[in-house]
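Structure, as structure tokens:
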Amino acid sequence: TKNYKIKYCYNSNSIRYVLFFFFFWFVYSFFSLLWVEDIIGWAKAVFSIFLGVSSIFYIVLYINTLKRLKYILVYLWLLGIVINLLGWYEVITQNYLFGGIEDNVLKGYSLMRTPVVWSHNPNDYAILVGAIFFIALLAYVNFKSKYVKFVSVVLCISSFGLILFTTSRGALFAVLIAMMVFLLYNFSFKKHMKLIFCCISISSFFFFLFNREIVDFIHSIDLFTMGLVDLSSMNSSDTVRLNLLKNGFELFLESLGIGVGAGNIEYCMQHYSRYYTAGAVNIHNWWFELLTAYGLPILSGYLLMYYFLLKNYIECARVYIRKSLKMYMISKIIFVYLIALIFFFVISSSMLSTEWIWIIFGLFITFINVNRALLYREGEGV
């Protein structure tokens, strides 16, 4: 049975493409040595990709049963509780247990009671807590114990509260969008879907109407596109982020579409920036990091890989809705988390060295493999 499952993994075309992409990404980043300028940055990035890709292949090959996946879910659930407790400890006590943060930045976090734990910045911590939110949902669906279900509900509420304390608008938006998709996908009657859609539309309208910060940001972008304002003279964090993206896009164009090379964005930002970034060199957007560092080949492959994952989870949910409500809900929760990640990636400082995201992708691929194999054996292949 074990050999069958591993063999089936490589007979599944879409999953084979996903695994091939990760291998190709490593090879591409390695050979970007031919055109990079910062060798040390290149070595660090290639090492991170090697560890990430190795983790994915290890998980796909050896975590190949639902029982093992459940064990890992328990470990992640327990780790999520610890991370939540550490976050609330920082919020309540204003003490920060993990170093690596500049004193003036740390004082700002303490004043605002912003949790960061070991993530070093609020956005990355919000992405981590966002993952815990969905892990808690998976635990609630997966286990029958009333204790586990109760703690999972508390963990969801706690994670959402911590996201609010990080003041990360992107993370909050990602979770809300994912839950909208989950609710809309959960109702089968058109009248319910119309009602929910109307409520969401009205709520979103008033949220954007009365949120002064969002209105100001949209207005500044609008003025920029009309050429009425030079954002390079403005010092807000949103302006700096926008200028980082503009610099990144110019670096991508100057590289003729192949990217500046693994780990070389910071070096190029420091030496070739055209737009003012207040000394910031991290592009703070995973999608633009892929485009700027690795060019169109890797970004296109990444988007195609993402499409295959979404498509497979839609297919799993479609099959399981007739067979198992629990497996249907698990497939749907992972699907909406993948939707949330699209928005989480917009605010990340960098997902390259974020070890846990590679593990999450490996587990997502493994879940598809195991279930496709089981369904195939039962004559319900997807």
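Chains: A, B, ... in order of the structure tokens. Residues: from 1 per chain. Ligands: from 1, in order shown.
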
Inset, instruction - Tell me which protein, DNA and RNA residues are within 10 Å of Phe98 of chain A, counting only C-alpha atoms, leaving out same-chain ones fewer than 6 positions away, and put them as number ranges by chain. - result: A: 116-120

Find the spatial neighbours of Phe345 of chain A, counting only C-alpha atoms, within a cut-off of 7 Å - ignore same-chain residues fewer than 6 positions away - and output them as a CSV table (one decimal) with N, CA and C atoms, in the first residue's frame.
chain,number,residue,atom,x,y,z
A,285,ASN,N,6.7,42.2,-0.5
A,285,ASN,CA,5.6,41.7,-1.3
A,285,ASN,C,6.2,40.4,-2.0
A,286,TRP,N,5.6,39.3,-1.6
A,286,TRP,CA,6.2,38.0,-2.1
A,286,TRP,C,6.0,37.9,-3.6
A,287,TRP,N,4.9,38.3,-4.1
A,287,TRP,CA,4.6,38.2,-5.5
A,287,TRP,C,5.7,39.0,-6.3

Inset, instruction - Within 8 Å of segment 262-272 of chain A, counting only C-alpha atoms, which residues show up once you throw out same-chain ones fewer than 3 positions away? Write them as a PyMOL selection string, please. - result: chain A and resi 29-30+32-33+36-38+41-46+247-248+251+279+281-283+289+292-294

Legend entry - Residue nearest Leu164 of chain A - candidates A:Asn121, A:Thr114, A:Ser55, A:Asn142, atoms counted: only C-alpha atoms: A:Thr114

Inset, instruction - Excluding segment 148-158 of chain A and any residue of its chain fewer than 2 positions from it, enumerate the residues within 10 Å of it, using only C-alpha atoms, and give them as a PyMOL selection string. - result: chain A and resi 74+77+80-81+84-85+87-88+129-130+132-146+160-164

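The residue that comes closest to Tyr89 of chain A, out of A:Phe343, A:Met305, A:Pro115, A:Phe173 and on the basis of only C-alpha atoms, is A:Pro115.
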